[in-house]
Each structure stands twice: as C-alpha cells, then as structure tokens.
$ cat protein.txt   # compact mmCIF, C-alpha atoms
# COMPACT_ATOMS: atom_id res chain seq x y z
CA MET A 114 0.00 0.00 0.00
CA PHE A 115 1.37 3.42 -1.01
CA MET A 116 1.19 6.40 1.31
CA LYS A 117 0.16 9.87 0.20
CA CYS A 118 3.03 12.38 -0.07
CA PRO A 119 3.02 14.71 2.98
CA ILE A 120 4.73 17.47 0.96
CA CYS A 121 2.59 17.89 -2.18
CA GLU A 122 -0.36 15.80 -0.99
CA LYS A 123 -0.91 14.73 -4.62
CA GLY A 124 1.51 11.90 -5.22
CA LYS A 125 2.12 8.51 -3.69
CA LEU A 126 5.33 7.45 -1.94
CA GLU A 127 7.28 4.51 -3.30
CA ARG A 128 10.32 2.91 -1.60
CA LYS A 129 13.42 3.30 -3.79
CA THR A 130 17.19 3.29 -3.59
CA ILE A 131 18.53 6.76 -4.35
CA ASP A 132 22.01 8.10 -5.08
CA VAL A 133 23.01 10.89 -2.69
CA VAL A 134 25.44 13.54 -3.94
CA LYS A 135 26.56 16.57 -1.93
CA HIS A 136 28.83 19.30 -3.30
CA SER A 137 29.40 17.10 -6.39
CA VAL A 138 30.71 14.26 -4.16
CA PHE A 139 28.97 10.87 -4.42
CA VAL A 140 27.98 9.95 -0.86
CA GLY A 141 26.31 6.59 -1.48
CA HIS A 142 23.11 4.66 -2.16
CA PHE A 143 20.33 5.07 0.41
CA LYS A 144 16.73 3.92 0.81
CA ALA A 145 14.00 6.59 0.69
CA ASP A 146 10.30 6.96 0.02
CA VAL A 147 10.04 8.95 -3.21
CA CYS A 148 6.93 10.83 -4.34
CA ASN A 149 5.83 9.95 -7.87
CA HIS A 150 4.43 13.48 -8.31
CA CYS A 151 6.84 16.03 -6.79
CA GLY A 152 9.96 13.84 -6.46
CA GLU A 153 10.38 14.55 -2.74
CA GLU A 154 12.70 12.00 -1.08
CA ILE A 155 11.92 11.07 2.53
CA MET A 156 14.24 8.86 4.61
CA ASP A 157 13.31 7.10 7.81
CA GLU A 158 15.33 7.76 10.97
CA SER A 159 17.57 4.71 10.56
CA GLU A 160 18.55 5.58 6.99
CA GLY A 161 19.02 9.22 8.01
CA ARG A 162 21.52 8.15 10.68
CA LYS A 163 23.45 6.13 8.08
CA LEU A 164 23.52 9.16 5.76
CA GLU A 165 24.71 11.47 8.56
CA LYS A 166 27.48 9.00 9.47
CA ARG A 167 28.63 8.89 5.82
CA PHE A 168 28.59 12.71 5.54
CA LYS A 169 30.81 12.88 8.62
CA GLU A 170 33.19 10.21 7.26
CA LEU A 171 33.59 12.24 4.06
CA GLY A 172 34.03 15.54 5.88
CA LEU A 173 30.80 16.89 4.36
CA TRP A 174 28.79 17.29 7.56
CA GLY A 175 27.84 20.77 8.70
CA LYS A 176 29.75 23.95 8.12
CA GLN A 177 33.35 23.45 7.08
CA GLU A 178 35.70 25.82 8.85
CA SER A 179 39.33 26.24 7.97
CA THR A 180 42.37 28.21 9.02
CA VAL A 181 44.23 30.69 6.82
CA TYR A 182 48.03 30.48 7.12
CA LYS A 183 50.79 32.76 5.91
CA VAL A 184 53.23 30.97 3.62
CA GLY A 185 55.98 33.27 2.38
CA GLY A 186 54.25 36.30 0.86
CA ASN A 187 51.03 34.36 0.22
CA LEU A 188 48.13 33.01 2.22
CA ALA A 189 47.24 29.30 2.29
CA LEU A 190 43.99 27.66 3.30
CA GLY A 191 43.98 24.47 5.40
CA ILE A 192 41.46 21.81 4.33
CA LYS A 193 40.39 18.92 6.55
CA LYS A 194 41.98 15.63 5.51
CA SER A 195 38.63 13.80 5.22
CA LEU A 196 37.21 16.46 2.88
CA ALA A 197 40.39 16.57 0.79
CA GLU A 198 40.37 12.78 0.44
CA SER A 199 36.71 12.69 -0.59
CA LEU A 200 37.46 15.23 -3.33
CA GLY A 201 40.63 13.44 -4.46
CA LEU A 202 42.68 16.51 -3.50
CA THR A 203 46.37 15.86 -2.81
CA LYS A 204 49.48 17.95 -2.15
CA GLY A 205 50.53 19.71 -5.34
CA ALA A 206 47.10 19.42 -6.98
CA VAL A 207 46.04 22.34 -9.13
CA VAL A 208 42.65 23.89 -8.34
CA ARG A 209 40.72 26.74 -9.94
CA ILE A 210 39.39 29.51 -7.71
CA PHE A 211 36.38 31.59 -8.70
CA PRO A 212 36.10 34.65 -6.44
CA GLN A 213 32.69 36.14 -5.75
CA ILE A 214 33.86 39.36 -4.12
CA SER A 215 30.46 40.97 -3.54
CA GLU A 216 29.32 37.85 -1.63
CA LYS A 217 32.63 37.48 0.25
CA ARG A 218 33.11 33.91 -0.90
CA PHE A 219 34.87 31.86 -3.53
CA ILE A 220 34.35 28.53 -5.22
CA VAL A 221 37.25 26.09 -5.50
CA GLU A 222 37.10 23.57 -8.34
CA VAL A 223 39.28 20.48 -8.12
CA GLY A 224 40.77 18.90 -11.23
CA GLY A 225 41.81 20.12 -14.60

$ encode --input "protein.txt" --output "structure tokens"
Amino acid sequence: MFMKCPICEKGKLERKTIDVVKHSVFVGHFKADVCNHCGEEIMDESEGRKLEKRFKELGLWGKQESTVYKVGGNLALGIKKSLAESLGLTKGAVVRIFPQISEKRFIVEVGG
C-alpha cells in the first residue's frame, strides 16, 4: 500500500534506492520513500543516521571551517583531511578559484 506524499499531498510514496550527492561528491546509495508526483525523497530515521554518518566520514557534515596560514608572501587555506580525500585533493594538486567578491566567498574547483 502506497502512502500519500506529505509534501505535495498529490503523489504517492514509493520505496526506492537513491544516489546521494553533496557538493558534487557521491555519498552513497540510500533507501528513501520517493513521491511519484513532486519527487520529494523522505528517509526514515535509521537511513538518516546512516547518511549522517557517511557525511561525517567524508568531511561533508555541517559547516566546514578552515584556518588561513601565511606561507611566504602568500596566504594558504587548510582543508580537513577527510574532505580533501573525498574530493581526491592531494598535495601539489592544481585547483581553480572563482572569487565572488560581492558575496565574500569563492568557489574552489578540483581537477583540470
């Protein structure tokens, strides 16, 4: 028996295995009830705990804070090992930085 979607109240929920990706990093396959109308994905508490554990393992959980260091005449940004590993980032890797000055942020793209 299918349950009505609590979000759109139009579709029916169907149990599926979904791929979870965060910040372009594949996190894993997880079970969720998916609405056939709006596409909403709803996990139960057990599956949510598994997802949270995986986010933490990959360094993708919560706000990522880092320290800025002075290296010679430049500044360097420290990145947590778990996050660097999940992105395939290693010492000497070349990244592209896209500054967004008005928003006081930048985007770092790994790979060439």

$ residues_around --input "protein.txt" --residues "range 134-147 of chain A" --least-positions-apart "3" --cutoff "9 Å" --atoms "all atoms listed in the file" --output "PyMOL selection string"
chain A and resi 118+125-131+150-157+160-161+163-164+167-168+171+173+199-200

$ residues_around --input "protein.txt" --residues "range 180-197 of chain A" --least-positions-apart "5" --cutoff "9 Å" --atoms "all atoms listed in the file" --output "compact mmCIF listing (two decimals) with C-alpha atoms, keeping the file's coordinate frame"
# COMPACT_ATOMS: atom_id res chain seq x y z
CA LYS A 169 30.81 12.88 8.62
CA GLU A 170 33.19 10.21 7.26
CA LEU A 171 33.59 12.24 4.06
CA GLY A 172 34.03 15.54 5.88
CA LEU A 173 30.80 16.89 4.36
CA LEU A 202 42.68 16.51 -3.50
CA THR A 203 46.37 15.86 -2.81

$ atom_distance --input "protein.txt" --atom1 "CA of Ile220 in chain A" --atom2 "CA of Gly175 in chain A"
17.2 Å

$ closest_residue --input "protein.txt" --among "A:Arg209, A:Gln177, A:Arg218, A:Cys148" --to "Glu122 in chain A" --atoms "all atoms listed in the file"
A:Cys148

$ axis_aligned_box --input "protein.txt" --around "range 166-171 of chain A" --padding-each-side "4 Å" --output "JSON"
{"center_x": 30.5, "center_y": 10.9, "center_z": 6.8, "size_x": 14.1, "size_y": 12.0, "size_z": 13.4}

$ closest_residue --input "protein.txt" --among "A:Val133, A:Lys217, A:Gly205, A:Asn149" --to "Met116 in chain A" --atoms "all atoms listed in the file"
A:Asn149

$ residues_around --input "protein.txt" --residues "Val208 in chain A" --least-positions-apart "2" --cutoff "7 Å" --atoms "all atoms listed in the file" --output "JSON, numbers by chain"
{"A": [206, 210, 221, 222, 223, 224]}

$ atom_distance --input "protein.txt" --atom1 "CA of Glu216 in chain A" --atom2 "CA of Trp174 in chain A"
22.5 Å

$ atom_distance --input "protein.txt" --atom1 "CA of Asp132 in chain A" --atom2 "CA of Glu165 in chain A"
14.3 Å

$ decode --input "protein.txt" --residues "chain A" --atoms "C-alpha atoms" --output "mmCIF file, in the first residue's frame"
data_model
loop_
_atom_site.group_PDB
_atom_site.id
_atom_site.type_symbol
_atom_site.label_atom_id
_atom_site.label_comp_id
_atom_site.auth_asym_id
_atom_site.auth_seq_id
_atom_site.Cartn_x
_atom_site.Cartn_y
_atom_site.Cartn_z
ATOM 1 C CA MET A 114 0.000 0.000 0.000
ATOM 2 C CA PHE A 115 1.366 3.416 -1.010
ATOM 3 C CA MET A 116 1.193 6.395 1.315
ATOM 4 C CA LYS A 117 0.161 9.873 0.201
ATOM 5 C CA CYS A 118 3.029 12.385 -0.067
ATOM 6 C CA PRO A 119 3.022 14.705 2.982
ATOM 7 C CA ILE A 120 4.730 17.470 0.960
ATOM 8 C CA CYS A 121 2.592 17.889 -2.177
ATOM 9 C CA GLU A 122 -0.361 15.801 -0.994
ATOM 10 C CA LYS A 123 -0.913 14.725 -4.620
ATOM 11 C CA GLY A 124 1.510 11.897 -5.223
ATOM 12 C CA LYS A 125 2.120 8.514 -3.688
ATOM 13 C CA LEU A 126 5.328 7.453 -1.938
ATOM 14 C CA GLU A 127 7.279 4.509 -3.304
ATOM 15 C CA ARG A 128 10.323 2.910 -1.603
ATOM 16 C CA LYS A 129 13.424 3.299 -3.788
ATOM 17 C CA THR A 130 17.192 3.286 -3.594
ATOM 18 C CA ILE A 131 18.530 6.755 -4.352
ATOM 19 C CA ASP A 132 22.008 8.103 -5.077
ATOM 20 C CA VAL A 133 23.006 10.888 -2.691
ATOM 21 C CA VAL A 134 25.444 13.536 -3.943
ATOM 22 C CA LYS A 135 26.560 16.569 -1.930
ATOM 23 C CA HIS A 136 28.827 19.301 -3.296
ATOM 24 C CA SER A 137 29.395 17.100 -6.387
ATOM 25 C CA VAL A 138 30.706 14.264 -4.160
ATOM 26 C CA PHE A 139 28.975 10.875 -4.421
ATOM 27 C CA VAL A 140 27.984 9.953 -0.862
ATOM 28 C CA GLY A 141 26.306 6.588 -1.483
ATOM 29 C CA HIS A 142 23.111 4.658 -2.164
ATOM 30 C CA PHE A 143 20.334 5.072 0.412
ATOM 31 C CA LYS A 144 16.727 3.922 0.806
ATOM 32 C CA ALA A 145 14.002 6.586 0.687
ATOM 33 C CA ASP A 146 10.303 6.957 0.021
ATOM 34 C CA VAL A 147 10.037 8.948 -3.211
ATOM 35 C CA CYS A 148 6.927 10.831 -4.340
ATOM 36 C CA ASN A 149 5.833 9.948 -7.865
ATOM 37 C CA HIS A 150 4.430 13.485 -8.314
ATOM 38 C CA CYS A 151 6.838 16.033 -6.790
ATOM 39 C CA GLY A 152 9.960 13.844 -6.461
ATOM 40 C CA GLU A 153 10.382 14.546 -2.741
ATOM 41 C CA GLU A 154 12.697 12.000 -1.078
ATOM 42 C CA ILE A 155 11.922 11.072 2.526
ATOM 43 C CA MET A 156 14.240 8.859 4.605
ATOM 44 C CA ASP A 157 13.314 7.096 7.805
ATOM 45 C CA GLU A 158 15.327 7.757 10.966
ATOM 46 C CA SER A 159 17.570 4.710 10.563
ATOM 47 C CA GLU A 160 18.547 5.579 6.994
ATOM 48 C CA GLY A 161 19.020 9.219 8.007
ATOM 49 C CA ARG A 162 21.525 8.155 10.685
ATOM 50 C CA LYS A 163 23.451 6.130 8.076
ATOM 51 C CA LEU A 164 23.519 9.159 5.763
ATOM 52 C CA GLU A 165 24.710 11.468 8.564
ATOM 53 C CA LYS A 166 27.483 9.000 9.465
ATOM 54 C CA ARG A 167 28.634 8.890 5.823
ATOM 55 C CA PHE A 168 28.590 12.708 5.536
ATOM 56 C CA LYS A 169 30.810 12.879 8.625
ATOM 57 C CA GLU A 170 33.187 10.207 7.260
ATOM 58 C CA LEU A 171 33.593 12.236 4.061
ATOM 59 C CA GLY A 172 34.028 15.543 5.885
ATOM 60 C CA LEU A 173 30.802 16.888 4.364
ATOM 61 C CA TRP A 174 28.792 17.292 7.564
ATOM 62 C CA GLY A 175 27.843 20.774 8.699
ATOM 63 C CA LYS A 176 29.745 23.949 8.123
ATOM 64 C CA GLN A 177 33.352 23.455 7.083
ATOM 65 C CA GLU A 178 35.703 25.820 8.849
ATOM 66 C CA SER A 179 39.327 26.237 7.967
ATOM 67 C CA THR A 180 42.367 28.211 9.023
ATOM 68 C CA VAL A 181 44.228 30.686 6.819
ATOM 69 C CA TYR A 182 48.030 30.478 7.124
ATOM 70 C CA LYS A 183 50.795 32.759 5.914
ATOM 71 C CA VAL A 184 53.233 30.965 3.618
ATOM 72 C CA GLY A 185 55.984 33.274 2.382
ATOM 73 C CA GLY A 186 54.253 36.301 0.861
ATOM 74 C CA ASN A 187 51.025 34.364 0.224
ATOM 75 C CA LEU A 188 48.128 33.011 2.223
ATOM 76 C CA ALA A 189 47.238 29.305 2.292
ATOM 77 C CA LEU A 190 43.987 27.665 3.304
ATOM 78 C CA GLY A 191 43.981 24.473 5.396
ATOM 79 C CA ILE A 192 41.461 21.810 4.326
ATOM 80 C CA LYS A 193 40.390 18.920 6.555
ATOM 81 C CA LYS A 194 41.977 15.629 5.511
ATOM 82 C CA SER A 195 38.633 13.795 5.221
ATOM 83 C CA LEU A 196 37.207 16.457 2.882
ATOM 84 C CA ALA A 197 40.392 16.568 0.792
ATOM 85 C CA GLU A 198 40.369 12.775 0.444
ATOM 86 C CA SER A 199 36.715 12.687 -0.587
ATOM 87 C CA LEU A 200 37.464 15.233 -3.334
ATOM 88 C CA GLY A 201 40.628 13.439 -4.465
ATOM 89 C CA LEU A 202 42.678 16.505 -3.497
ATOM 90 C CA THR A 203 46.369 15.860 -2.813
ATOM 91 C CA LYS A 204 49.482 17.951 -2.152
ATOM 92 C CA GLY A 205 50.535 19.709 -5.335
ATOM 93 C CA ALA A 206 47.103 19.416 -6.975
ATOM 94 C CA VAL A 207 46.037 22.341 -9.134
ATOM 95 C CA VAL A 208 42.652 23.893 -8.342
ATOM 96 C CA ARG A 209 40.721 26.736 -9.935
ATOM 97 C CA ILE A 210 39.390 29.506 -7.708
ATOM 98 C CA PHE A 211 36.379 31.595 -8.704
ATOM 99 C CA PRO A 212 36.100 34.650 -6.438
ATOM 100 C CA GLN A 213 32.685 36.135 -5.750
ATOM 101 C CA ILE A 214 33.860 39.355 -4.122
ATOM 102 C CA SER A 215 30.456 40.969 -3.542
ATOM 103 C CA GLU A 216 29.315 37.852 -1.627
ATOM 104 C CA LYS A 217 32.630 37.478 0.253
ATOM 105 C CA ARG A 218 33.106 33.911 -0.904
ATOM 106 C CA PHE A 219 34.866 31.858 -3.530
ATOM 107 C CA ILE A 220 34.353 28.526 -5.222
ATOM 108 C CA VAL A 221 37.250 26.087 -5.496
ATOM 109 C CA GLU A 222 37.098 23.568 -8.342
ATOM 110 C CA VAL A 223 39.284 20.480 -8.117
ATOM 111 C CA GLY A 224 40.774 18.902 -11.234
ATOM 112 C CA GLY A 225 41.814 20.121 -14.596
#
